[in-house]
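To be precise, the following lines are entry.pdb, and they hold PDB, C-alpha atoms.
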ATOM      1  CA  MET J   1     -14.097  -4.348  30.104
ATOM      2  CA  SER J   2     -12.580  -5.419  26.794
ATOM      3  CA  VAL J   3     -13.610  -5.253  23.167
ATOM      4  CA  ASP J   4     -16.189  -7.993  22.659
ATOM      5  CA  LYS J   5     -17.849  -6.754  19.467
ATOM      6  CA  VAL J   6     -16.391  -5.383  16.245
ATOM      7  CA  LEU J   7     -18.382  -3.938  13.363
ATOM      8  CA  PHE J   8     -16.550  -4.113  10.047
ATOM      9  CA  ILE J   9     -18.152  -1.448   7.869
ATOM     10  CA  ARG J  10     -17.329  -1.129   4.192
ATOM     11  CA  HIS J  11     -17.276   2.445   2.897
ATOM     12  CA  GLY J  12     -20.168   3.907   0.906
ATOM     13  CA  GLN J  13     -20.449   3.773  -2.857
ATOM     14  CA  THR J  14     -18.111   5.689  -5.173
ATOM     15  CA  ASP J  15     -18.292   6.237  -8.920
ATOM     16  CA  PHE J  16     -15.378   3.808  -9.246
ATOM     17  CA  ASN J  17     -17.494   1.159  -7.479
ATOM     18  CA  ARG J  18     -20.277   1.642 -10.002
ATOM     19  CA  GLU J  19     -17.772   1.326 -12.854
ATOM     20  CA  ARG J  20     -16.019  -1.633 -11.159
ATOM     21  CA  ARG J  21     -12.667   0.139 -11.218
ATOM     22  CA  LEU J  22      -9.835  -0.702  -8.836
ATOM     23  CA  GLN J  23      -9.425   2.100  -6.329
ATOM     24  CA  GLY J  24      -6.628   0.936  -4.048
ATOM     25  CA  ALA J  25      -4.749   3.939  -2.694
ATOM     26  CA  LEU J  26      -6.441   6.447  -5.018
ATOM     27  CA  PRO J  27      -8.290   9.345  -3.299
ATOM     28  CA  VAL J  28     -11.757   8.492  -4.623
ATOM     29  CA  PRO J  29     -14.619  10.311  -2.838
ATOM     30  CA  LEU J  30     -18.082   8.990  -2.111
ATOM     31  CA  ASN J  31     -20.781   9.767  -4.635
ATOM     32  CA  ASP J  32     -24.250  10.999  -3.636
ATOM     33  CA  CYS J  33     -25.497   7.424  -3.255
ATOM     34  CA  GLY J  34     -22.545   6.596  -0.991
ATOM     35  CA  ARG J  35     -23.220   9.576   1.242
ATOM     36  CA  GLN J  36     -26.872   8.579   1.548
ATOM     37  CA  GLN J  37     -25.837   5.020   2.402
ATOM     38  CA  ALA J  38     -23.587   6.329   5.165
ATOM     39  CA  GLN J  39     -26.391   8.512   6.523
ATOM     40  CA  SER J  40     -28.815   5.570   6.523
ATOM     41  CA  LEU J  41     -26.315   3.330   8.291
ATOM     42  CA  ALA J  42     -25.624   6.049  10.854
ATOM     43  CA  GLN J  43     -29.311   6.227  11.693
ATOM     44  CA  ALA J  44     -29.461   2.449  12.089
ATOM     45  CA  LEU J  45     -26.439   2.462  14.408
ATOM     46  CA  LYS J  46     -28.082   4.941  16.769
ATOM     47  CA  ALA J  47     -30.002   2.050  18.334
ATOM     48  CA  ALA J  48     -26.739   0.510  19.565
ATOM     49  CA  PRO J  49     -23.822   2.834  18.799
ATOM     50  CA  PRO J  50     -20.210   1.653  18.973
ATOM     51  CA  ASP J  51     -17.929   3.038  21.667
ATOM     52  CA  ALA J  52     -15.331   4.070  19.083
ATOM     53  CA  ILE J  53     -14.953   4.445  15.322
ATOM     54  CA  VAL J  54     -11.637   3.710  13.615
ATOM     55  CA  ALA J  55     -11.200   4.234   9.884
ATOM     56  CA  SER J  56      -8.877   3.799   6.975
ATOM     57  CA  PRO J  57      -7.449   7.187   5.957
ATOM     58  CA  ARG J  58      -8.499   6.685   2.320
ATOM     59  CA  SER J  59     -10.987   9.430   1.477
ATOM     60  CA  ARG J  60     -13.967   7.172   0.746
ATOM     61  CA  ALA J  61     -13.620   5.316   4.053
ATOM     62  CA  LEU J  62     -12.819   8.384   6.115
ATOM     63  CA  GLU J  63     -15.771  10.296   4.644
ATOM     64  CA  THR J  64     -18.064   7.381   5.496
ATOM     65  CA  ALA J  65     -16.669   7.207   9.028
ATOM     66  CA  ARG J  66     -17.056  10.935   9.571
ATOM     67  CA  ILE J  67     -20.685  10.914   8.427
ATOM     68  CA  ILE J  68     -21.422   8.103  10.875
ATOM     69  CA  ALA J  69     -19.391   9.680  13.671
ATOM     70  CA  THR J  70     -21.092  13.061  13.274
ATOM     71  CA  ALA J  71     -24.535  11.475  13.472
ATOM     72  CA  LEU J  72     -23.504   9.609  16.637
ATOM     73  CA  GLY J  73     -21.767  12.575  18.270
ATOM     74  CA  GLN J  74     -18.381  10.885  18.046
ATOM     75  CA  THR J  75     -15.022  11.357  16.350
ATOM     76  CA  ALA J  76     -13.600   9.092  13.676
ATOM     77  CA  HIS J  77      -9.997   8.061  14.328
ATOM     78  CA  GLU J  78      -7.644   7.183  11.454
ATOM     79  CA  ASP J  79      -5.367   4.160  11.245
ATOM     80  CA  GLU J  80      -3.176   3.843   8.143
ATOM     81  CA  ARG J  81      -2.965   0.077   8.634
ATOM     82  CA  LEU J  82      -6.670  -0.239   7.725
ATOM     83  CA  ALA J  83      -6.137   1.159   4.215
ATOM     84  CA  GLU J  84      -7.232  -0.741   1.131
ATOM     85  CA  ILE J  85      -4.684  -2.915  -0.628
ATOM     86  CA  ALA J  86      -2.524  -0.755  -2.884
ATOM     87  CA  PHE J  87      -3.122  -2.070  -6.407
ATOM     88  CA  GLY J  88      -0.195  -0.153  -7.881
ATOM     89  CA  ASP J  89      -0.227  -0.225 -11.679
ATOM     90  CA  PHE J  90      -3.727  -1.746 -11.662
ATOM     91  CA  GLU J  91      -5.376   1.267 -10.033
ATOM     92  CA  GLY J  92      -7.978   3.160 -12.026
ATOM     93  CA  TYR J  93      -8.646   0.225 -14.350
ATOM     94  CA  THR J  94     -11.302  -2.482 -14.419
ATOM     95  CA  PHE J  95     -10.055  -6.060 -14.100
ATOM     96  CA  ALA J  96     -10.813  -6.588 -17.794
ATOM     97  CA  GLU J  97      -8.577  -3.627 -18.627
ATOM     98  CA  VAL J  98      -5.875  -4.894 -16.275
ATOM     99  CA  GLU J  99      -5.965  -8.296 -17.967
ATOM    100  CA  ALA J 100      -5.455  -6.635 -21.361
ATOM    101  CA  LEU J 101      -2.769  -4.186 -20.226
ATOM    102  CA  TYR J 102      -0.834  -6.391 -17.775
ATOM    103  CA  PRO J 103      -1.603 -10.014 -18.758
ATOM    104  CA  GLU J 104       1.312 -11.609 -16.897
ATOM    105  CA  ALA J 105       0.809  -9.632 -13.680
ATOM    106  CA  TYR J 106      -2.946 -10.216 -13.854
ATOM    107  CA  ARG J 107      -2.452 -13.963 -14.216
ATOM    108  CA  LYS J 108      -0.164 -13.996 -11.170
ATOM    109  CA  TRP J 109      -2.686 -11.964  -9.147
ATOM    110  CA  GLU J 110      -5.526 -14.294 -10.138
ATOM    111  CA  THR J 111      -3.672 -17.303  -8.703
ATOM    112  CA  GLY J 112      -4.442 -15.910  -5.259
ATOM    113  CA  TYR J 113      -0.833 -16.531  -4.171
ATOM    114  CA  ARG J 114      -0.655 -14.410  -1.051
ATOM    115  CA  PRO J 115       3.004 -13.261  -1.268
ATOM    116  CA  TYR J 116       2.590 -12.012  -4.869
ATOM    117  CA  ARG J 117       3.019  -8.247  -4.928
ATOM    118  CA  VAL J 118       1.211  -6.230  -7.601
ATOM    119  CA  PRO J 119       3.655  -4.039  -9.597
ATOM    120  CA  GLY J 120       3.950  -0.795  -7.653
ATOM    121  CA  GLY J 121       1.575  -2.077  -4.995
ATOM    122  CA  GLU J 122       1.131  -4.600  -2.203
ATOM    123  CA  SER J 123       0.659  -8.321  -1.811
ATOM    124  CA  ARG J 124      -2.223  -9.909   0.026
ATOM    125  CA  LEU J 125       0.310 -10.984   2.643
ATOM    126  CA  ASP J 126       1.465  -7.373   3.115
ATOM    127  CA  VAL J 127      -2.122  -6.372   3.783
ATOM    128  CA  GLN J 128      -2.766  -9.316   6.079
ATOM    129  CA  ARG J 129       0.184  -8.420   8.285
ATOM    130  CA  ARG J 130      -0.727  -4.773   8.733
ATOM    131  CA  MET J 131      -4.421  -5.563   9.202
ATOM    132  CA  GLU J 132      -3.560  -8.160  11.855
ATOM    133  CA  ALA J 133      -1.400  -5.606  13.681
ATOM    134  CA  ALA J 134      -4.236  -3.069  13.625
ATOM    135  CA  TRP J 135      -6.708  -5.727  14.780
ATOM    136  CA  ARG J 136      -4.582  -6.681  17.787
ATOM    137  CA  ASP J 137      -4.296  -3.064  18.896
ATOM    138  CA  ILE J 138      -7.978  -2.297  18.372
ATOM    139  CA  VAL J 139      -9.401  -5.327  20.189
ATOM    140  CA  GLY J 140      -6.795  -4.957  22.912
ATOM    141  CA  ALA J 141      -8.286  -1.644  24.054
ATOM    142  CA  ALA J 142      -9.250  -2.192  27.689
ATOM    143  CA  ASP J 143     -11.780   0.640  27.965
ATOM    144  CA  LEU J 144     -14.046  -0.242  25.018
ATOM    145  CA  ASP J 145     -16.767  -2.818  24.412
ATOM    146  CA  THR J 146     -17.832  -2.239  20.782
ATOM    147  CA  VAL J 147     -15.646  -0.801  18.012
ATOM    148  CA  ALA J 148     -16.613   0.077  14.440
ATOM    149  CA  ILE J 149     -13.891  -0.310  11.825
ATOM    150  CA  VAL J 150     -14.643   1.536   8.588
ATOM    151  CA  GLY J 151     -12.593   0.275   5.686
ATOM    152  CA  HIS J 152     -12.467  -1.603   2.410
ATOM    153  CA  SER J 153     -13.744  -4.919   1.134
ATOM    154  CA  SER J 154     -10.448  -6.397  -0.084
ATOM    155  CA  ALA J 155      -8.459  -5.493   3.021
ATOM    156  CA  MET J 156     -11.211  -6.637   5.386
ATOM    157  CA  MET J 157     -11.747  -9.900   3.494
ATOM    158  CA  ILE J 158      -8.010 -10.605   3.597
ATOM    159  CA  LEU J 159      -8.058 -10.218   7.375
ATOM    160  CA  LEU J 160     -11.218 -12.282   7.822
ATOM    161  CA  ALA J 161      -9.818 -15.053   5.603
ATOM    162  CA  SER J 162      -6.768 -15.201   7.874
ATOM    163  CA  MET J 163      -9.009 -15.554  10.949
ATOM    164  CA  PHE J 164     -11.705 -17.990   9.815
ATOM    165  CA  ALA J 165     -11.514 -21.258   7.895
ATOM    166  CA  HIS J 166     -14.862 -20.585   6.219
ATOM    167  CA  LEU J 167     -16.505 -17.337   5.161
ATOM    168  CA  PRO J 168     -20.015 -16.867   3.781
ATOM    169  CA  ALA J 169     -20.229 -16.762  -0.013
ATOM    170  CA  LYS J 170     -21.671 -13.278   0.027
ATOM    171  CA  ALA J 171     -20.470  -9.991  -1.419
ATOM    172  CA  MET J 172     -19.413  -7.271   1.005
ATOM    173  CA  LYS J 173     -21.579  -4.475  -0.402
ATOM    174  CA  ASN J 174     -21.047  -0.767   0.157
ATOM    175  CA  CYS J 175     -21.909   0.289   3.721
ATOM    176  CA  SER J 176     -22.569  -3.312   4.731
ATOM    177  CA  VAL J 177     -21.768  -4.382   8.282
ATOM    178  CA  THR J 178     -20.008  -7.585   9.283
ATOM    179  CA  THR J 179     -20.286  -8.238  13.018
ATOM    180  CA  LEU J 180     -17.650 -10.177  14.945
ATOM    181  CA  LEU J 181     -18.354 -11.292  18.496
ATOM    182  CA  ARG J 182     -15.887 -12.526  21.081
ATOM    183  CA  PHE J 183     -16.784 -15.881  22.612
ATOM    184  CA  GLN J 184     -14.374 -16.474  25.486
ATOM    185  CA  ASP J 185     -10.972 -16.711  23.757
ATOM    186  CA  VAL J 186     -12.213 -16.951  20.151
ATOM    187  CA  TRP J 187     -14.047 -14.714  17.719
ATOM    188  CA  GLN J 188     -17.116 -15.714  15.746
ATOM    189  CA  ILE J 189     -19.048 -14.124  12.896
ATOM    190  CA  GLY J 190     -22.391 -12.917  14.205
ATOM    191  CA  ALA J 191     -23.569 -11.388  10.921
ATOM    192  CA  PHE J 192     -21.948 -11.018   7.527
ATOM    193  CA  ALA J 193     -22.238  -8.092   5.096
ATOM    194  CA  GLU J 194     -25.650  -6.898   6.238
ATOM    195  CA  THR J 195     -27.135  -3.522   5.329
ATOM    196  CA  PRO J 196     -30.018  -1.683   7.018
ATOM    197  CA  TRP J 197     -31.869  -1.597   3.711
ATOM    198  CA  GLY J 198     -31.652  -5.343   3.077
ATOM    199  CA  ASP J 199     -30.214  -7.176   0.054
ATOM    200  CA  GLU J 200     -31.795  -5.048  -2.635
TER     201      GLU J 200
END
Can the structure from this file be put into structure tokens for me?
Amino acid sequence: MSVDKVLFIRHGQTDFNRERRLQGALPVPLNDCGRQQAQSLAQALKAAPPDAIVASPRSRALETARIIATALGQTAHEDERLAEIAFGDFEGYTFAEVEALYPEAYRKWETGYRPYRVPGGESRLDVQRRMEAAWRDIVGAADLDTVAIVGHSSAMMILLASMFAHLPAKAMKNCSVTTLLRFQDVWQIGAFAETPWGDE
């Protein structure tokens, strides 16, 4: 047996999400809506539960993972490499505020240049490398079939963009699930950013 299915789960909603603030490495907890989202997703996963749950150690992701794990009678395991990109000086601000406060750094970030490192934070390339390392270890587990990875939209999108030439033009909403399936020696996207409550 080998890992043939991976569920990428974005954490539940936080107040920073509602305010469109950059969270990065900040310890932002779920809000009541986020906890309800995690509970709803946990109930949906009972029909076909993963064999293991691995989560970013950031509080919002770990809380989401623990809610799901508790409902499924499992334990959520932490992996630091799955953490959200560290936005350094940008953290706690909206992008509009970042543009006003750090115009030069914001302009460099907006280019999408992968090696550019946010002041006090990480580059997209930094995140890609640690996410790829975590991915290799997770899918290399010989005793698992399906693994759920609970993390963050930016970090997960950086990894997915490194794996696939084309990604759906769809937002990765809170508690959405992106399903990757192994087809022989390649991976394919089976579903992208789906939630049990639809696209409301």
Show me as a PDB file with C-alpha atoms, keeping the file's coordinate frame the residues that reach within 12 Å of (-7.3, -10.2, -11.8), counting only C-alpha atoms and using the file's own coordinates.
ATOM      1  CA  ARG J  21     -12.667   0.139 -11.218  1.00  0.00           C
ATOM      2  CA  LEU J  22      -9.835  -0.702  -8.836  1.00  0.00           C
ATOM      3  CA  PHE J  87      -3.122  -2.070  -6.407  1.00  0.00           C
ATOM      4  CA  PHE J  90      -3.727  -1.746 -11.662  1.00  0.00           C
ATOM      5  CA  GLU J  91      -5.376   1.267 -10.033  1.00  0.00           C
ATOM      6  CA  TYR J  93      -8.646   0.225 -14.350  1.00  0.00           C
ATOM      7  CA  THR J  94     -11.302  -2.482 -14.419  1.00  0.00           C
ATOM      8  CA  PHE J  95     -10.055  -6.060 -14.100  1.00  0.00           C
ATOM      9  CA  ALA J  96     -10.813  -6.588 -17.794  1.00  0.00           C
ATOM     10  CA  GLU J  97      -8.577  -3.627 -18.627  1.00  0.00           C
ATOM     11  CA  VAL J  98      -5.875  -4.894 -16.275  1.00  0.00           C
ATOM     12  CA  GLU J  99      -5.965  -8.296 -17.967  1.00  0.00           C
ATOM     13  CA  ALA J 100      -5.455  -6.635 -21.361  1.00  0.00           C
ATOM     14  CA  LEU J 101      -2.769  -4.186 -20.226  1.00  0.00           C
ATOM     15  CA  TYR J 102      -0.834  -6.391 -17.775  1.00  0.00           C
ATOM     16  CA  PRO J 103      -1.603 -10.014 -18.758  1.00  0.00           C
ATOM     17  CA  GLU J 104       1.312 -11.609 -16.897  1.00  0.00           C
ATOM     18  CA  ALA J 105       0.809  -9.632 -13.680  1.00  0.00           C
ATOM     19  CA  TYR J 106      -2.946 -10.216 -13.854  1.00  0.00           C
ATOM     20  CA  ARG J 107      -2.452 -13.963 -14.216  1.00  0.00           C
ATOM     21  CA  LYS J 108      -0.164 -13.996 -11.170  1.00  0.00           C
ATOM     22  CA  TRP J 109      -2.686 -11.964  -9.147  1.00  0.00           C
ATOM     23  CA  GLU J 110      -5.526 -14.294 -10.138  1.00  0.00           C
ATOM     24  CA  THR J 111      -3.672 -17.303  -8.703  1.00  0.00           C
ATOM     25  CA  GLY J 112      -4.442 -15.910  -5.259  1.00  0.00           C
ATOM     26  CA  TYR J 113      -0.833 -16.531  -4.171  1.00  0.00           C
ATOM     27  CA  VAL J 118       1.211  -6.230  -7.601  1.00  0.00           C
TER      28      VAL J 118
END
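Taking atom CA of J:Ile68 and atom CA of J:Glu80 as the two end points, the separation is 18.9 Å.
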Q | Between atom CA of J:Trp197 and atom CA of J:Val150 - distance in Å to one decimal | A | 18.2 Å
(Q) Translate the PyMOL selection byres ((chain J and resi 135) around 12) into a concrete residue list for this structure, as a ChimeraX atom specification. (A) /J:3,6-8,54-55,79,81-82,127-134,136-141,147-149,155-156,159-160,162-163,180,187
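Atom CA of J:His11 is positioned 25.8 Å from atom CA of J:Tyr116.
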Q. Closest to J:Phe16 among J:Phe183, J:His77, J:Pro49, J:Gly92, using all atoms listed in the file?
A. J:Gly92
Test item: axis-aligned box, all listed atoms of stretch 118-128 of chain J, 8 Å on each side, centre and edges in Å rounded to one decimal, as JSON:
{"center_x": 0.6, "center_y": -5.9, "center_z": -1.8, "size_x": 22.7, "size_y": 26.2, "size_z": 31.7}
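With distances taken over all atoms listed in the file, J:Asn174 is the one residue among J:Ala83, J:Asn174, J:Ala47, J:Leu62 lying closest to J:Thr14.
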Q: Check which residues satisfy the PyMOL selection byres ((chain J and resi 153) around 9) in the file shown, then give them as a PyMOL selection string.
A: chain J and resi 9-11+84+151-152+154-158+171-174
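Checking J:Ala65, J:Leu167, J:Ala191, J:Ala71 one by one against J:Ala44, counting only C-alpha atoms, you find the shortest gap at J:Ala71.
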Q: Starting from the displayed file, determine the output of the PyMOL selection byres ((chain J and resi 45) around 12) and express the residue list as a count of residues only.
A: 31
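If you count all atoms listed in the file and draw a sphere of 8 Å around (-17.8, 7.2, 3.3), the protein and nucleic acid residues inside it come out as His11, Gly12, Gln13, Pro29, Leu30, Gly34, Arg35, Ala38, Ser59, Arg60, Ala61, Leu62, Glu63, Thr64, Ala65, Arg66 and Ile67 of chain J.
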